[in-house]
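So the structure is just underneath, and the comments pick up after that.
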Amino acid sequence: MASAPDTTTAQLPRIAVIFPGQGSQVVGMTSELAELYPEIRDTFAEASEALGEDLWAICQDEERLNQTQYTQPALLTASIAIWRILQQKLDKAPHYLAGHSLGEYSALCAAGVISFADAVRLVHKRGQLMQEAVVGIDTAMAAVLGLEDSRVETLCEQATEHVDDAIVGAANFNSPGQVVISGNAVGVDAVIDKVQNTGKKAIPLKVSVPSHCALMEPASQALADALAEIQFDQAAIPVIQNRHARVETSTQGIKQALTEQLSEPVLWSKTMQELADKQINILIECGSGNVLSNLAKRQAQPITSYPVDKPARMDKLMEVLS
């Protein structure tokens, strides 16, 4: 008599850790964890040494923290600090890692591709290059809600072709019905008008630089030079990168994807679909806030996601995994 099929494997957790590329109140978020876990302050001290500046103090200075050359290392450091805590709590390594925009650097650092010190210095440089690329340019970003991806792309193309001096494109494909656009103010405003004419919403975003658009091409070229000087190692955990929503297996491929990522859109919806296709059933958001966990609910195939930026949230995850 044939035995019943073993269904236990299907119930086992298949985990991916995702790293955000934005967040607010970095120190406020990590302060609660810092009271329980010395890894938080230790990691910020390590980042400060690599940067040559007191990053914890910078995080408490809103004006400086809002400068992207400091925002980026602050967010990366917060993510890696929490990752170090997670490593001690998880029974085994996650099956995959992924990061949204800047979060991709956190993912690669967590995977052992880039050393933490190099990652801190690299994203600091990335922020400087991004800021320098748009000096004297009036820039903007906006979230378009309720339109199909292809429709948003068409509106951006129409604005670029028919509005004088307009530069605008899709920057983040975050979830079905949510696309962020990026460019100069003329271009973004033109698309906002077109979106509103369709009866849908376009919400301007408060950002210091317009990521993932053609305005970042000079920064992208300079970033390639910076990446060439940094040692990349083989990933201990596969990282799905933004550029093509796939795992790059060679050092050259990883660096090329990072270079192009700066001026090309973040394919987050495709990344989430890729994780779903790989049978991932638990996401852990490792960083500031819960933006990616909220996006996970809106994907074509939602995956339950747990942010772990506060002690109570960390405890909830451990309960789920126990």
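Here's how to read the names in the structure tokens: chain A, B, ... by the order shown, residue numbers from 1 in each chain, ligand numbers from 1 in the order shown.
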- request: Check region 138-232 of chain A with DSSP on the backbone and list each residue it calls strand (DSSP E), as a list of chain:residue names.
  value: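 The strand (DSSP E) residues within region 138-232 of chain A come out as A:Thr139, A:Ala140, A:Met141, A:Ala142, A:Ala143, A:Val144, A:Leu145, A:Val168, A:Gly169, A:Ala170, A:Ala171, A:Asn172, A:Phe173, A:Asn174, A:Ser175, A:Gln178, A:Val179, A:Val180, A:Ile181, A:Ser182, A:Gly183, A:Asn184, A:Lys201, A:Ala202, A:Ile203, A:Pro204, A:Leu205.
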message: as number ranges by chain, please: the residues near region 141-153 of chain A (cut-off 8 Å, only C-alpha atoms, same-chain neighbours under 6 positions excluded).
response: A: 169-170, 173, 176-183, 188, 192, 195, 200-207, 210
Preceding selection exported with N, CA, C and O atoms as a PDB file, in the first residue's frame:
ATOM      1  N   GLY A 169      10.749  59.777 -16.245  1.00  0.00           N
ATOM      2  CA  GLY A 169      10.601  58.357 -16.540  1.00  0.00           C
ATOM      3  C   GLY A 169      10.133  57.607 -15.317  1.00  0.00           C
ATOM      4  O   GLY A 169      10.136  58.138 -14.197  1.00  0.00           O
ATOM      5  N   ALA A 170       9.709  56.370 -15.521  1.00  0.00           N
ATOM      6  CA  ALA A 170       9.331  55.512 -14.400  1.00  0.00           C
ATOM      7  C   ALA A 170      10.579  55.126 -13.626  1.00  0.00           C
ATOM      8  O   ALA A 170      11.558  54.668 -14.207  1.00  0.00           O
ATOM      9  N   PHE A 173       8.894  50.512 -10.021  1.00  0.00           N
ATOM     10  CA  PHE A 173       7.668  49.738 -10.189  1.00  0.00           C
ATOM     11  C   PHE A 173       7.460  48.987  -8.873  1.00  0.00           C
ATOM     12  O   PHE A 173       7.962  47.887  -8.680  1.00  0.00           O
ATOM     13  N   PRO A 176       1.597  46.450  -8.276  1.00  0.00           N
ATOM     14  CA  PRO A 176       0.548  46.764  -9.255  1.00  0.00           C
ATOM     15  C   PRO A 176      -0.250  47.989  -8.824  1.00  0.00           C
ATOM     16  O   PRO A 176      -0.786  48.042  -7.721  1.00  0.00           O
ATOM     17  N   GLY A 177      -0.267  48.988  -9.692  1.00  0.00           N
ATOM     18  CA  GLY A 177      -0.991  50.210  -9.360  1.00  0.00           C
ATOM     19  C   GLY A 177      -0.206  51.236  -8.598  1.00  0.00           C
ATOM     20  O   GLY A 177      -0.753  52.274  -8.206  1.00  0.00           O
ATOM     21  N   GLN A 178       1.094  51.009  -8.396  1.00  0.00           N
ATOM     22  CA  GLN A 178       1.931  52.030  -7.758  1.00  0.00           C
ATOM     23  C   GLN A 178       3.281  52.122  -8.469  1.00  0.00           C
ATOM     24  O   GLN A 178       4.101  51.199  -8.380  1.00  0.00           O
ATOM     25  N   VAL A 179       3.470  53.207  -9.196  1.00  0.00           N
ATOM     26  CA  VAL A 179       4.711  53.468  -9.919  1.00  0.00           C
ATOM     27  C   VAL A 179       5.212  54.850  -9.528  1.00  0.00           C
ATOM     28  O   VAL A 179       4.449  55.815  -9.532  1.00  0.00           O
ATOM     29  N   VAL A 180       6.480  54.943  -9.178  1.00  0.00           N
ATOM     30  CA  VAL A 180       7.088  56.238  -8.869  1.00  0.00           C
ATOM     31  C   VAL A 180       7.769  56.765 -10.120  1.00  0.00           C
ATOM     32  O   VAL A 180       8.471  56.018 -10.822  1.00  0.00           O
ATOM     33  N   ILE A 181       7.539  58.042 -10.424  1.00  0.00           N
ATOM     34  CA  ILE A 181       8.188  58.680 -11.564  1.00  0.00           C
ATOM     35  C   ILE A 181       9.241  59.659 -11.063  1.00  0.00           C
ATOM     36  O   ILE A 181       9.175  60.136  -9.924  1.00  0.00           O
ATOM     37  N   SER A 182      10.222  59.948 -11.918  1.00  0.00           N
ATOM     38  CA  SER A 182      11.367  60.738 -11.495  1.00  0.00           C
ATOM     39  C   SER A 182      11.895  61.541 -12.678  1.00  0.00           C
ATOM     40  O   SER A 182      11.828  61.094 -13.828  1.00  0.00           O
ATOM     41  N   GLY A 183      12.420  62.737 -12.397  1.00  0.00           N
ATOM     42  CA  GLY A 183      12.999  63.554 -13.467  1.00  0.00           C
ATOM     43  C   GLY A 183      13.130  64.997 -13.047  1.00  0.00           C
ATOM     44  O   GLY A 183      13.249  65.310 -11.857  1.00  0.00           O
ATOM     45  N   VAL A 188       8.066  65.944 -14.512  1.00  0.00           N
ATOM     46  CA  VAL A 188       7.220  65.298 -13.503  1.00  0.00           C
ATOM     47  C   VAL A 188       5.879  66.022 -13.384  1.00  0.00           C
ATOM     48  O   VAL A 188       4.817  65.372 -13.309  1.00  0.00           O
ATOM     49  N   ILE A 192       2.152  64.489 -13.865  1.00  0.00           N
ATOM     50  CA  ILE A 192       1.136  64.631 -12.815  1.00  0.00           C
ATOM     51  C   ILE A 192      -0.161  65.180 -13.409  1.00  0.00           C
ATOM     52  O   ILE A 192      -1.260  64.685 -13.110  1.00  0.00           O
ATOM     53  N   VAL A 195      -1.868  62.448 -15.386  1.00  0.00           N
ATOM     54  CA  VAL A 195      -2.461  61.438 -14.503  1.00  0.00           C
ATOM     55  C   VAL A 195      -3.773  61.954 -13.925  1.00  0.00           C
ATOM     56  O   VAL A 195      -4.780  61.233 -13.880  1.00  0.00           O
ATOM     57  N   LYS A 200      -6.965  59.576 -11.862  1.00  0.00           N
ATOM     58  CA  LYS A 200      -6.148  58.873 -10.887  1.00  0.00           C
ATOM     59  C   LYS A 200      -5.282  59.870 -10.110  1.00  0.00           C
ATOM     60  O   LYS A 200      -5.272  61.063 -10.388  1.00  0.00           O
ATOM     61  N   LYS A 201      -4.533  59.349  -9.124  1.00  0.00           N
ATOM     62  CA  LYS A 201      -3.746  60.211  -8.241  1.00  0.00           C
ATOM     63  C   LYS A 201      -2.265  60.160  -8.578  1.00  0.00           C
ATOM     64  O   LYS A 201      -1.733  59.108  -8.944  1.00  0.00           O
ATOM     65  N   ALA A 202      -1.618  61.298  -8.418  1.00  0.00           N
ATOM     66  CA  ALA A 202      -0.159  61.392  -8.491  1.00  0.00           C
ATOM     67  C   ALA A 202       0.283  62.271  -7.327  1.00  0.00           C
ATOM     68  O   ALA A 202      -0.093  63.443  -7.250  1.00  0.00           O
ATOM     69  N   ILE A 203       1.059  61.688  -6.417  1.00  0.00           N
ATOM     70  CA  ILE A 203       1.415  62.366  -5.173  1.00  0.00           C
ATOM     71  C   ILE A 203       2.894  62.763  -5.214  1.00  0.00           C
ATOM     72  O   ILE A 203       3.771  61.889  -5.278  1.00  0.00           O
ATOM     73  N   PRO A 204       3.204  64.070  -5.185  1.00  0.00           N
ATOM     74  CA  PRO A 204       4.611  64.488  -5.153  1.00  0.00           C
ATOM     75  C   PRO A 204       5.311  63.938  -3.912  1.00  0.00           C
ATOM     76  O   PRO A 204       4.724  63.862  -2.829  1.00  0.00           O
ATOM     77  N   LEU A 205       6.573  63.556  -4.062  1.00  0.00           N
ATOM     78  CA  LEU A 205       7.363  63.009  -2.969  1.00  0.00           C
ATOM     79  C   LEU A 205       8.443  64.000  -2.556  1.00  0.00           C
ATOM     80  O   LEU A 205       9.015  64.697  -3.395  1.00  0.00           O
ATOM     81  N   LYS A 206       8.718  64.017  -1.267  1.00  0.00           N
ATOM     82  CA  LYS A 206       9.772  64.883  -0.754  1.00  0.00           C
ATOM     83  C   LYS A 206      11.098  64.127  -0.810  1.00  0.00           C
ATOM     84  O   LYS A 206      11.345  63.210  -0.017  1.00  0.00           O
ATOM     85  N   VAL A 207      11.924  64.470  -1.771  1.00  0.00           N
ATOM     86  CA  VAL A 207      13.219  63.805  -1.945  1.00  0.00           C
ATOM     87  C   VAL A 207      14.273  64.860  -2.259  1.00  0.00           C
ATOM     88  O   VAL A 207      13.966  65.955  -2.737  1.00  0.00           O
ATOM     89  N   PRO A 210      16.486  63.025  -7.645  1.00  0.00           N
ATOM     90  CA  PRO A 210      15.555  62.196  -8.414  1.00  0.00           C
ATOM     91  C   PRO A 210      16.225  60.890  -8.837  1.00  0.00           C
ATOM     92  O   PRO A 210      16.920  60.829  -9.847  1.00  0.00           O
TER      93      PRO A 210
END
field: For region 277-287 of chain A: contacts at 7 Å, only C-alpha atoms, fewer than 4 positions along chain excluded, given as a ChimeraX atom specification
entry: /A:13-20,78-79,82-83,273,292-293,303-309
Put those residues in a file: C-alpha atoms, as a compact mmCIF listing (two decimals), in the first residue's frame.
# COMPACT_ATOMS: atom_id res chain seq x y z
CA PRO A 13 9.28 28.43 6.15
CA ARG A 14 11.10 29.61 3.07
CA ILE A 15 12.51 32.97 4.07
CA ALA A 16 13.79 35.98 2.17
CA VAL A 17 15.15 39.10 3.85
CA ILE A 18 14.39 42.40 2.13
CA PHE A 19 16.18 45.67 2.80
CA PRO A 20 14.46 49.07 2.40
CA ALA A 78 20.59 50.63 10.39
CA SER A 79 19.81 47.69 8.13
CA ILE A 82 19.45 44.75 12.50
CA TRP A 83 20.75 42.07 10.15
CA GLN A 273 7.11 37.87 -8.16
CA LEU A 292 8.31 47.12 1.94
CA SER A 293 6.04 45.04 4.16
CA ILE A 303 3.82 37.21 0.71
CA THR A 304 3.48 37.83 4.43
CA SER A 305 6.19 40.25 5.51
CA TYR A 306 7.44 41.06 9.01
CA PRO A 307 9.29 44.30 9.78
CA VAL A 308 11.78 43.97 12.64
CA ASP A 309 12.76 47.57 13.39
query: Among region 6-78 of chain A, which residues carry a DSSP assignment of helix (DSSP H, G or I), reported as number ranges by chain?
result: A: 8-11, 26-34, 39-51, 55-59, 62-65, 68-78
task: For Gly99 (chain A), please output as a ChimeraX atom specification all residues within 9 Å (counting only C-alpha atoms; exclusion window: fewer than 6 positions along the same chain).
output: /A:17-21,105-108,239-242,268
Filtering to N, CA and C atoms, could you give me those residues as a PDB file, in the first residue's frame?
ATOM      1  N   VAL A  17      14.993  37.837   3.121  1.00  0.00           N
ATOM      2  CA  VAL A  17      15.147  39.095   3.852  1.00  0.00           C
ATOM      3  C   VAL A  17      15.230  40.220   2.832  1.00  0.00           C
ATOM      4  N   ILE A  18      14.424  41.249   3.048  1.00  0.00           N
ATOM      5  CA  ILE A  18      14.386  42.398   2.130  1.00  0.00           C
ATOM      6  C   ILE A  18      14.819  43.653   2.883  1.00  0.00           C
ATOM      7  N   PHE A  19      15.563  44.499   2.184  1.00  0.00           N
ATOM      8  CA  PHE A  19      16.177  45.670   2.800  1.00  0.00           C
ATOM      9  C   PHE A  19      15.621  46.942   2.161  1.00  0.00           C
ATOM     10  N   PRO A  20      15.045  47.850   2.962  1.00  0.00           N
ATOM     11  CA  PRO A  20      14.462  49.073   2.397  1.00  0.00           C
ATOM     12  C   PRO A  20      15.527  50.071   1.956  1.00  0.00           C
ATOM     13  N   GLY A  21      15.124  50.914   1.014  1.00  0.00           N
ATOM     14  CA  GLY A  21      16.019  51.953   0.528  1.00  0.00           C
ATOM     15  C   GLY A  21      15.610  53.332   0.987  1.00  0.00           C
ATOM     16  N   TYR A 105      22.360  47.596  -1.718  1.00  0.00           N
ATOM     17  CA  TYR A 105      23.711  47.613  -1.149  1.00  0.00           C
ATOM     18  C   TYR A 105      23.718  46.923   0.216  1.00  0.00           C
ATOM     19  N   SER A 106      22.671  47.122   0.995  1.00  0.00           N
ATOM     20  CA  SER A 106      22.552  46.418   2.278  1.00  0.00           C
ATOM     21  C   SER A 106      22.478  44.915   2.045  1.00  0.00           C
ATOM     22  N   ALA A 107      21.708  44.509   1.037  1.00  0.00           N
ATOM     23  CA  ALA A 107      21.564  43.090   0.735  1.00  0.00           C
ATOM     24  C   ALA A 107      22.898  42.478   0.324  1.00  0.00           C
ATOM     25  N   LEU A 108      23.639  43.176  -0.516  1.00  0.00           N
ATOM     26  CA  LEU A 108      24.937  42.667  -0.973  1.00  0.00           C
ATOM     27  C   LEU A 108      25.939  42.615   0.174  1.00  0.00           C
ATOM     28  N   VAL A 239      21.391  37.092  -4.039  1.00  0.00           N
ATOM     29  CA  VAL A 239      20.766  38.419  -3.974  1.00  0.00           C
ATOM     30  C   VAL A 239      20.068  38.692  -5.305  1.00  0.00           C
ATOM     31  N   ILE A 240      18.769  38.955  -5.250  1.00  0.00           N
ATOM     32  CA  ILE A 240      18.020  39.349  -6.448  1.00  0.00           C
ATOM     33  C   ILE A 240      18.176  40.860  -6.604  1.00  0.00           C
ATOM     34  N   GLN A 241      18.784  41.281  -7.703  1.00  0.00           N
ATOM     35  CA  GLN A 241      19.083  42.707  -7.883  1.00  0.00           C
ATOM     36  C   GLN A 241      17.978  43.433  -8.647  1.00  0.00           C
ATOM     37  N   ASN A 242      17.963  44.741  -8.478  1.00  0.00           N
ATOM     38  CA  ASN A 242      16.902  45.586  -9.019  1.00  0.00           C
ATOM     39  C   ASN A 242      16.865  45.657 -10.541  1.00  0.00           C
ATOM     40  N   TRP A 268      10.725  46.324  -8.571  1.00  0.00           N
ATOM     41  CA  TRP A 268      10.392  45.684  -7.297  1.00  0.00           C
ATOM     42  C   TRP A 268       9.245  44.688  -7.428  1.00  0.00           C
TER      43      TRP A 268
END
- prompt: Taking only C-alpha atoms into account, which of A:Gln60, A:Gln131, A:Gln231, A:Ser220 comes nearest Ser115 (chain A)?
  reply: A:Gln231
- request: List the neighbours of Lys310 (chain A) out to 10 Å using only C-alpha atoms; skip same-chain residues closer than 2 positions along the sequence, and give me the result as a ChimeraX atom specification.
  value: /A:28-34,82,287-289,307-308,312-316
Resulting file, chosen residues, all heavy atoms, as a tab-separated table (two decimals), in the first residue's frame:
chain	number	residue	atom	x	y	z
A	28	GLY	N	15.59	57.14	15.94
A	28	GLY	CA	14.43	56.82	16.75
A	28	GLY	C	14.04	55.36	16.63
A	28	GLY	O	13.69	54.69	17.60
A	29	MET	N	14.14	54.86	15.40
A	29	MET	CA	13.81	53.46	15.14
A	29	MET	C	14.81	52.53	15.83
A	29	MET	O	14.44	51.54	16.44
A	29	MET	CB	13.80	53.23	13.63
A	29	MET	CG	13.61	51.78	13.19
A	29	MET	SD	15.15	50.88	13.02
A	29	MET	CE	15.91	51.76	11.67
A	30	THR	N	16.09	52.84	15.72
A	30	THR	CA	17.10	51.94	16.25
A	30	THR	C	17.34	52.13	17.75
A	30	THR	O	17.91	51.24	18.38
A	30	THR	CB	18.44	52.13	15.50
A	30	THR	OG1	18.79	53.51	15.51
A	30	THR	CG2	18.34	51.65	14.08
A	31	SER	N	16.91	53.24	18.32
A	31	SER	CA	17.17	53.49	19.73
A	31	SER	C	16.52	52.44	20.62
A	31	SER	O	17.10	52.00	21.61
A	31	SER	CB	16.67	54.89	20.13
A	31	SER	OG	17.48	55.88	19.55
A	32	GLU	N	15.28	52.03	20.27
A	32	GLU	CA	14.61	51.01	21.06
A	32	GLU	C	15.38	49.69	21.02
A	32	GLU	O	15.57	49.04	22.04
A	32	GLU	CB	13.18	50.79	20.54
A	32	GLU	CG	12.23	51.93	20.83
A	32	GLU	CD	10.82	51.60	20.38
A	32	GLU	OE1	10.26	50.57	20.84
A	32	GLU	OE2	10.27	52.35	19.55
A	33	LEU	N	15.83	49.33	19.83
A	33	LEU	CA	16.62	48.11	19.71
A	33	LEU	C	17.97	48.26	20.40
A	33	LEU	O	18.50	47.30	20.97
A	33	LEU	CB	16.83	47.76	18.24
A	33	LEU	CG	15.60	47.26	17.46
A	33	LEU	CD1	15.93	47.14	15.98
A	33	LEU	CD2	15.12	45.93	18.00
A	34	ALA	N	18.52	49.49	20.35
A	34	ALA	CA	19.85	49.72	20.94
A	34	ALA	C	19.85	49.50	22.45
A	34	ALA	O	20.88	49.15	23.03
A	34	ALA	CB	20.33	51.13	20.61
A	82	ILE	N	20.56	45.66	12.24
A	82	ILE	CA	19.45	44.75	12.50
A	82	ILE	C	19.73	43.38	11.91
A	82	ILE	O	19.40	42.35	12.51
A	82	ILE	CB	18.14	45.34	11.95
A	82	ILE	CG1	17.81	46.67	12.67
A	82	ILE	CG2	16.98	44.36	12.13
A	82	ILE	CD1	16.66	47.42	12.07
A	287	GLY	N	15.29	46.80	8.34
A	287	GLY	CA	15.69	48.20	8.21
A	287	GLY	C	14.68	49.12	8.83
A	287	GLY	O	13.87	48.71	9.67
A	288	SER	N	14.71	50.36	8.40
A	288	SER	CA	13.87	51.39	8.98
A	288	SER	C	12.44	51.32	8.45
A	288	SER	O	12.21	51.44	7.25
A	288	SER	CB	14.47	52.77	8.66
A	288	SER	OG	13.63	53.81	9.10
A	289	GLY	N	11.47	51.12	9.34
A	289	GLY	CA	10.06	51.19	8.97
A	289	GLY	C	9.51	49.91	8.38
A	289	GLY	O	10.10	48.83	8.47
A	307	PRO	N	8.23	43.34	9.46
A	307	PRO	CA	9.29	44.30	9.78
A	307	PRO	C	9.87	43.99	11.16
A	307	PRO	O	9.16	43.45	12.02
A	307	PRO	CB	8.56	45.65	9.78
A	307	PRO	CG	7.13	45.31	10.09
A	307	PRO	CD	6.88	43.93	9.55
A	308	VAL	N	11.13	44.31	11.36
A	308	VAL	CA	11.78	43.97	12.64
A	308	VAL	C	12.58	45.16	13.18
A	308	VAL	O	13.63	45.01	13.78
A	308	VAL	CB	12.70	42.73	12.51
A	308	VAL	CG1	11.88	41.47	12.33
A	308	VAL	CG2	13.69	42.88	11.35
A	312	ALA	N	9.24	44.83	19.74
A	312	ALA	CA	7.96	44.10	19.68
A	312	ALA	C	7.81	43.40	18.33
A	312	ALA	O	7.28	42.27	18.26
A	312	ALA	CB	6.79	45.05	19.91
A	313	ARG	N	8.24	44.05	17.27
A	313	ARG	CA	8.15	43.44	15.94
A	313	ARG	C	9.13	42.28	15.81
A	313	ARG	O	8.81	41.25	15.20
A	313	ARG	CB	8.41	44.50	14.86
A	313	ARG	CG	7.27	45.48	14.68
A	313	ARG	CD	7.60	46.59	13.70
A	313	ARG	NE	6.39	47.34	13.33
A	313	ARG	CZ	6.39	48.41	12.56
A	313	ARG	NH1	7.54	48.87	12.07
A	313	ARG	NH2	5.27	49.02	12.27
A	314	MET	N	10.31	42.44	16.38
A	314	MET	CA	11.29	41.35	16.37
A	314	MET	C	10.73	40.14	17.13
A	314	MET	O	10.85	38.99	16.68
A	314	MET	CB	12.60	41.81	17.01
A	314	MET	CG	13.71	40.79	16.99
A	314	MET	SD	14.50	40.58	15.37
A	314	MET	CE	15.51	42.09	15.30
A	315	ASP	N	10.10	40.41	18.27
A	315	ASP	CA	9.52	39.33	19.07
A	315	ASP	C	8.40	38.61	18.30
A	315	ASP	O	8.28	37.38	18.38
A	315	ASP	CB	8.97	39.88	20.39
A	315	ASP	CG	10.07	40.36	21.33
A	315	ASP	OD1	11.24	39.98	21.11
A	315	ASP	OD2	9.76	41.11	22.27
A	316	LYS	N	7.60	39.38	17.57
A	316	LYS	CA	6.51	38.78	16.81
A	316	LYS	C	7.07	37.82	15.75
A	316	LYS	O	6.55	36.70	15.56
A	316	LYS	CB	5.67	39.86	16.14
A	316	LYS	CG	4.50	39.31	15.33
A	316	LYS	CD	3.66	40.41	14.72
A	316	LYS	CE	2.50	39.85	13.92
A	316	LYS	NZ	1.68	40.91	13.29
Would you kindly return, as a PDB file with N, CA, C and O atoms, in the first residue's frame, each protein, DNA or RNA residue with an atom no farther than 12 Å from any atom of Gln88 (chain A), considering only C-alpha atoms and excluding same-chain residues fewer than 4 positions away?
ATOM      1  N   TYR A  37      20.118  45.586  22.367  1.00  0.00           N
ATOM      2  CA  TYR A  37      21.137  44.924  21.556  1.00  0.00           C
ATOM      3  C   TYR A  37      22.327  45.859  21.319  1.00  0.00           C
ATOM      4  O   TYR A  37      22.192  46.879  20.625  1.00  0.00           O
ATOM      5  N   GLU A  39      24.633  45.503  19.387  1.00  0.00           N
ATOM      6  CA  GLU A  39      25.012  45.494  17.976  1.00  0.00           C
ATOM      7  C   GLU A  39      24.630  46.798  17.263  1.00  0.00           C
ATOM      8  O   GLU A  39      25.292  47.199  16.306  1.00  0.00           O
ATOM      9  N   ALA A  81      22.907  46.691  11.054  1.00  0.00           N
ATOM     10  CA  ALA A  81      22.841  46.482  12.504  1.00  0.00           C
ATOM     11  C   ALA A  81      21.733  45.488  12.850  1.00  0.00           C
ATOM     12  O   ALA A  81      21.930  44.556  13.643  1.00  0.00           O
ATOM     13  N   ILE A  82      20.563  45.665  12.239  1.00  0.00           N
ATOM     14  CA  ILE A  82      19.449  44.754  12.500  1.00  0.00           C
ATOM     15  C   ILE A  82      19.734  43.375  11.908  1.00  0.00           C
ATOM     16  O   ILE A  82      19.396  42.347  12.505  1.00  0.00           O
ATOM     17  N   TRP A  83      20.367  43.341  10.759  1.00  0.00           N
ATOM     18  CA  TRP A  83      20.749  42.066  10.146  1.00  0.00           C
ATOM     19  C   TRP A  83      21.653  41.265  11.084  1.00  0.00           C
ATOM     20  O   TRP A  83      21.497  40.040  11.216  1.00  0.00           O
ATOM     21  N   ARG A  84      22.567  41.921  11.750  1.00  0.00           N
ATOM     22  CA  ARG A  84      23.475  41.219  12.668  1.00  0.00           C
ATOM     23  C   ARG A  84      22.716  40.618  13.842  1.00  0.00           C
ATOM     24  O   ARG A  84      23.058  39.541  14.328  1.00  0.00           O
ATOM     25  N   LYS A  92      18.763  29.250  10.503  1.00  0.00           N
ATOM     26  CA  LYS A  92      19.590  29.069   9.319  1.00  0.00           C
ATOM     27  C   LYS A  92      19.475  30.299   8.431  1.00  0.00           C
ATOM     28  O   LYS A  92      18.576  31.136   8.613  1.00  0.00           O
ATOM     29  N   ALA A  93      20.373  30.399   7.474  1.00  0.00           N
ATOM     30  CA  ALA A  93      20.402  31.579   6.601  1.00  0.00           C
ATOM     31  C   ALA A  93      19.138  31.638   5.745  1.00  0.00           C
ATOM     32  O   ALA A  93      18.561  30.599   5.387  1.00  0.00           O
ATOM     33  N   MET A 318       9.870  36.191  15.865  1.00  0.00           N
ATOM     34  CA  MET A 318      10.405  34.998  16.523  1.00  0.00           C
ATOM     35  C   MET A 318       9.275  34.044  16.938  1.00  0.00           C
ATOM     36  O   MET A 318       9.429  32.822  16.879  1.00  0.00           O
TER      37      MET A 318
END
query: Can you list, as a ChimeraX atom specification, every protein, DNA or RNA residue that comes within 10 Å of Ile230 (chain A) when you count only C-alpha atoms, leaving out same-chain residues fewer than 2 positions away?
result: /A:114-115,118-119,122,225-228,232-233,255
